[in-house]
Amino acid sequence: MTDLAPPTPAPALGVGVIGFGWMGRVHTQAYSRVTHHFDDLGSTPRLIAVADEVPGRAAEAARRYGFARSSDDWSSLLADDEIEAISVTAPNFLHREIGVAVAEAGKHLWIEKPVGVTADDARAVRDAVERAGVRATVGFNYRNPPAVRAARELISSGSLGELTHASFRLLSDYAADPAGALSWRYAFATAGHGVLGDLAVHGLDLAWFLMGDVAEVVADTTVFIGERAVPSGATSGHQRVEGGTMGQVENEDYLAGILRFTSGARATVEVSRVAVGEQNDYGFTVHGTRGSVSWDFRRLGELQVSRGDRYQDLPVSRTFAVPGDGDYAAFQPGAAISMGYDDLKVIEAAGFLRSIADGAPHGAGLDDAVRAAETAEALSDSAATGRWVSVASSGVAR
């Protein structure tokens, strides 16, 4: 047996997490796993502190995941000199306050979408980050699957010809049960838009990522379940409530929209949180003059591709992500070995840490959050007026 000198460890980067529902757990696990998959990040995350206002939740997170400290007060993390970067996975209405405060405290920021209740909130966080000179990453994880990266390369290479039209869908049943609690997600003051802010922004980010800038939109929205029972205490996830006082749902359950791109291409987007029979049915199909490509989140590593010179009666082939597509090789050695949702957040964590190390953007950032929020607001305005609405341009190159 040959004795090997231990590798020189990367410097530790103290991290904190604010908000410890499901997404706080996903971020924490991503920090714990990221160096297992990526060895070029410039630092190794060290879990310093976790904060959540629900009594006992942060303490339990610290016990289970190994944070050095826990608190019911998120502001305590801002004054902690050991913390250099903070994940914000709190409800939407807290994104602006916390995101701006994190930046002003000189901490790097990994924040979940939609970055606030309004586009103005997203702009405020972006501007604070730019003033502070810190790095920021936003949780648009559906651009991270290696198969989606392969689709983008296929489109960018011109293999599909000139893009003509596409469809994007995000259909889920998480709010389909009328007995689901009236949580913060259903009030405009705390969530902002409903399914627009929760799901559609993912589709809008994918549409931009794959097809370029959107010029104008038209949309229809509706609420199918108008009242829900008010919960007696804090909720986690999508809990049921039997009986109790009923309250009004203030934001939309469903959106159908059309996007006109500056290129002249068109796309439909359909989003629902009350789609009975649909469980996380997220995906897209993009058509060009010489072919098409389709992706389904539930078959994460696959693409359906059609291309050739015949135009009509072209076959459709199933292809798999392979090493060389996106970050696939960091997880698996060969095609058709499954990856999962949590892997997408590990990829996101790696981009966040790289951006801190080299000062360059890696992955989705706050300009992307602003762009998605502006497009969502244009869709909402269109639904209210029944007219096509122009989308404000963020002026950021693809």
# chains A, B, ... in the order shown; residues from 1 in each chain; ligands from 1
>>> select_by_dssp(residues="segment 138-373 of chain A", states="strand (DSSP E)", output="ChimeraX atom specification")
/A:138,163-171,214-222,227-229,246-248,254-261,266-272,281-288,291-296,302-307,317-320
>>> closest_atom_pairs(of="segment 68-187 of chain A", to="segment 18-21 of chain A", cutoff="6 Å", atoms="only C-alpha atoms", output="CSV")
residue,atom,partner,partner_atom,distance
A:Val88,CA,A:Ile18,CA,5.0
A:Thr89,CA,A:Gly19,CA,5.1
A:Ala90,CA,A:Gly19,CA,4.5
>>> closest_atom_pairs(of="segment 294-334 of chain A", to="segment 343-355 of chain A", cutoff="12 Å", atoms="only C-alpha atoms", output="CSV")
residue,atom,partner,partner_atom,distance
A:Phe297,CA,A:Leu344,CA,11.3
A:Leu300,CA,A:Leu344,CA,10.2
A:Gly301,CA,A:Leu344,CA,11.6
A:Gly326,CA,A:Ile347,CA,9.5
A:Asp327,CA,A:Ile347,CA,7.2
A:Tyr328,CA,A:Ile347,CA,9.6
A:Ala329,CA,A:Ile347,CA,11.5
A:Ala330,CA,A:Ile347,CA,9.1
A:Phe331,CA,A:Asp343,CA,8.2
A:Gln332,CA,A:Asp343,CA,11.1
>>> write_last_selection(atoms="all heavy atoms", output="PDB file, in the first residue's frame")
ATOM      1  N   PHE A 297     -39.598  17.076 -17.496  1.00  0.00           N
ATOM      2  CA  PHE A 297     -38.891  17.025 -16.209  1.00  0.00           C
ATOM      3  C   PHE A 297     -38.960  15.651 -15.579  1.00  0.00           C
ATOM      4  O   PHE A 297     -38.009  15.213 -14.910  1.00  0.00           O
ATOM      5  CB  PHE A 297     -39.499  18.079 -15.274  1.00  0.00           C
ATOM      6  CG  PHE A 297     -39.099  17.924 -13.838  1.00  0.00           C
ATOM      7  CD1 PHE A 297     -37.794  18.123 -13.432  1.00  0.00           C
ATOM      8  CD2 PHE A 297     -40.040  17.575 -12.870  1.00  0.00           C
ATOM      9  CE1 PHE A 297     -37.424  17.982 -12.100  1.00  0.00           C
ATOM     10  CE2 PHE A 297     -39.685  17.437 -11.551  1.00  0.00           C
ATOM     11  CZ  PHE A 297     -38.366  17.635 -11.158  1.00  0.00           C
ATOM     12  N   LEU A 300     -35.931  13.203 -16.680  1.00  0.00           N
ATOM     13  CA  LEU A 300     -34.980  14.312 -16.561  1.00  0.00           C
ATOM     14  C   LEU A 300     -33.827  14.242 -17.553  1.00  0.00           C
ATOM     15  O   LEU A 300     -33.368  15.262 -18.060  1.00  0.00           O
ATOM     16  CB  LEU A 300     -34.439  14.339 -15.124  1.00  0.00           C
ATOM     17  CG  LEU A 300     -33.610  15.541 -14.714  1.00  0.00           C
ATOM     18  CD1 LEU A 300     -34.480  16.773 -14.618  1.00  0.00           C
ATOM     19  CD2 LEU A 300     -32.941  15.273 -13.366  1.00  0.00           C
ATOM     20  N   GLY A 301     -33.356  13.042 -17.824  1.00  0.00           N
ATOM     21  CA  GLY A 301     -32.162  12.905 -18.650  1.00  0.00           C
ATOM     22  C   GLY A 301     -32.426  12.619 -20.104  1.00  0.00           C
ATOM     23  O   GLY A 301     -31.495  12.249 -20.839  1.00  0.00           O
ATOM     24  N   GLY A 326     -23.825  19.712 -20.187  1.00  0.00           N
ATOM     25  CA  GLY A 326     -23.930  20.399 -18.902  1.00  0.00           C
ATOM     26  C   GLY A 326     -22.951  19.828 -17.895  1.00  0.00           C
ATOM     27  O   GLY A 326     -21.776  19.592 -18.190  1.00  0.00           O
ATOM     28  N   ASP A 327     -23.448  19.562 -16.693  1.00  0.00           N
ATOM     29  CA  ASP A 327     -22.612  19.029 -15.612  1.00  0.00           C
ATOM     30  C   ASP A 327     -22.858  17.543 -15.369  1.00  0.00           C
ATOM     31  O   ASP A 327     -22.605  17.037 -14.266  1.00  0.00           O
ATOM     32  CB  ASP A 327     -22.877  19.820 -14.322  1.00  0.00           C
ATOM     33  CG  ASP A 327     -22.346  21.231 -14.392  1.00  0.00           C
ATOM     34  OD1 ASP A 327     -21.132  21.386 -14.604  1.00  0.00           O
ATOM     35  OD2 ASP A 327     -23.137  22.179 -14.253  1.00  0.00           O
ATOM     36  N   TYR A 328     -23.329  16.836 -16.384  1.00  0.00           N
ATOM     37  CA  TYR A 328     -23.665  15.422 -16.208  1.00  0.00           C
ATOM     38  C   TYR A 328     -22.485  14.604 -15.672  1.00  0.00           C
ATOM     39  O   TYR A 328     -22.645  13.754 -14.791  1.00  0.00           O
ATOM     40  CB  TYR A 328     -24.147  14.843 -17.540  1.00  0.00           C
ATOM     41  CG  TYR A 328     -24.657  13.423 -17.456  1.00  0.00           C
ATOM     42  CD1 TYR A 328     -25.979  13.157 -17.119  1.00  0.00           C
ATOM     43  CD2 TYR A 328     -23.823  12.340 -17.701  1.00  0.00           C
ATOM     44  CE1 TYR A 328     -26.459  11.861 -17.036  1.00  0.00           C
ATOM     45  CE2 TYR A 328     -24.278  11.041 -17.634  1.00  0.00           C
ATOM     46  CZ  TYR A 328     -25.605  10.803 -17.295  1.00  0.00           C
ATOM     47  OH  TYR A 328     -26.061   9.515 -17.205  1.00  0.00           O
ATOM     48  N   ALA A 329     -21.296  14.853 -16.200  1.00  0.00           N
ATOM     49  CA  ALA A 329     -20.130  14.055 -15.825  1.00  0.00           C
ATOM     50  C   ALA A 329     -19.765  14.195 -14.357  1.00  0.00           C
ATOM     51  O   ALA A 329     -19.070  13.333 -13.803  1.00  0.00           O
ATOM     52  CB  ALA A 329     -18.934  14.433 -16.693  1.00  0.00           C
ATOM     53  N   ALA A 330     -20.220  15.257 -13.697  1.00  0.00           N
ATOM     54  CA  ALA A 330     -19.945  15.413 -12.267  1.00  0.00           C
ATOM     55  C   ALA A 330     -20.771  14.450 -11.426  1.00  0.00           C
ATOM     56  O   ALA A 330     -20.499  14.289 -10.229  1.00  0.00           O
ATOM     57  CB  ALA A 330     -20.223  16.855 -11.839  1.00  0.00           C
ATOM     58  N   PHE A 331     -21.770  13.823 -12.043  1.00  0.00           N
ATOM     59  CA  PHE A 331     -22.663  12.935 -11.298  1.00  0.00           C
ATOM     60  C   PHE A 331     -22.617  11.497 -11.789  1.00  0.00           C
ATOM     61  O   PHE A 331     -22.666  10.564 -10.984  1.00  0.00           O
ATOM     62  CB  PHE A 331     -24.106  13.454 -11.402  1.00  0.00           C
ATOM     63  CG  PHE A 331     -24.303  14.794 -10.771  1.00  0.00           C
ATOM     64  CD1 PHE A 331     -24.023  15.960 -11.466  1.00  0.00           C
ATOM     65  CD2 PHE A 331     -24.742  14.904  -9.451  1.00  0.00           C
ATOM     66  CE1 PHE A 331     -24.183  17.211 -10.886  1.00  0.00           C
ATOM     67  CE2 PHE A 331     -24.896  16.146  -8.857  1.00  0.00           C
ATOM     68  CZ  PHE A 331     -24.615  17.301  -9.576  1.00  0.00           C
ATOM     69  N   GLN A 332     -22.532  11.283 -13.100  1.00  0.00           N
ATOM     70  CA  GLN A 332     -22.631   9.935 -13.644  1.00  0.00           C
ATOM     71  C   GLN A 332     -21.613   9.739 -14.761  1.00  0.00           C
ATOM     72  O   GLN A 332     -21.270  10.686 -15.478  1.00  0.00           O
ATOM     73  CB  GLN A 332     -24.051   9.685 -14.191  1.00  0.00           C
ATOM     74  CG  GLN A 332     -25.167   9.879 -13.180  1.00  0.00           C
ATOM     75  CD  GLN A 332     -25.091   8.921 -11.989  1.00  0.00           C
ATOM     76  OE1 GLN A 332     -24.315   7.959 -12.006  1.00  0.00           O
ATOM     77  NE2 GLN A 332     -25.875   9.180 -10.953  1.00  0.00           N
TER      78      GLN A 332
END
>>> residues_around(residues="Arg240 of chain A", least_positions_apart="2", cutoff="9 Å", atoms="only C-alpha atoms", output="count of residues only")
9
>>> closest_residue(among="A:Ser382, A:Gln29, A:Gln279, A:Thr35", to="Tyr65 of chain A", atoms="only C-alpha atoms")
A:Gln29
>>> residues_around(residues="segment 378-381 of chain A", least_positions_apart="4", cutoff="6 Å", atoms="only C-alpha atoms", output="PyMOL selection string")
chain A and resi 219+389+391
>>> write_last_selection(atoms="all heavy atoms", output="CSV table (one decimal), in the first residue's frame")
chain,number,residue,atom,x,y,z
A,219,ALA,N,-52.5,37.1,-22.3
A,219,ALA,CA,-52.7,36.0,-21.4
A,219,ALA,C,-54.2,36.0,-20.8
A,219,ALA,O,-54.9,37.0,-20.9
A,219,ALA,CB,-51.8,36.1,-20.2
A,389,VAL,N,-49.4,43.0,-24.2
A,389,VAL,CA,-48.7,44.0,-23.4
A,389,VAL,C,-47.2,43.8,-23.7
A,389,VAL,O,-46.7,42.7,-23.8
A,389,VAL,CB,-48.9,43.7,-21.9
A,389,VAL,CG1,-48.0,44.5,-21.0
A,389,VAL,CG2,-50.4,43.9,-21.5
A,391,VAL,N,-43.2,43.8,-23.0
A,391,VAL,CA,-42.4,43.4,-21.9
A,391,VAL,C,-41.2,44.3,-21.8
A,391,VAL,O,-40.5,44.6,-22.8
A,391,VAL,CB,-41.9,41.9,-22.1
A,391,VAL,CG1,-41.0,41.5,-20.9
A,391,VAL,CG2,-43.0,41.0,-22.2
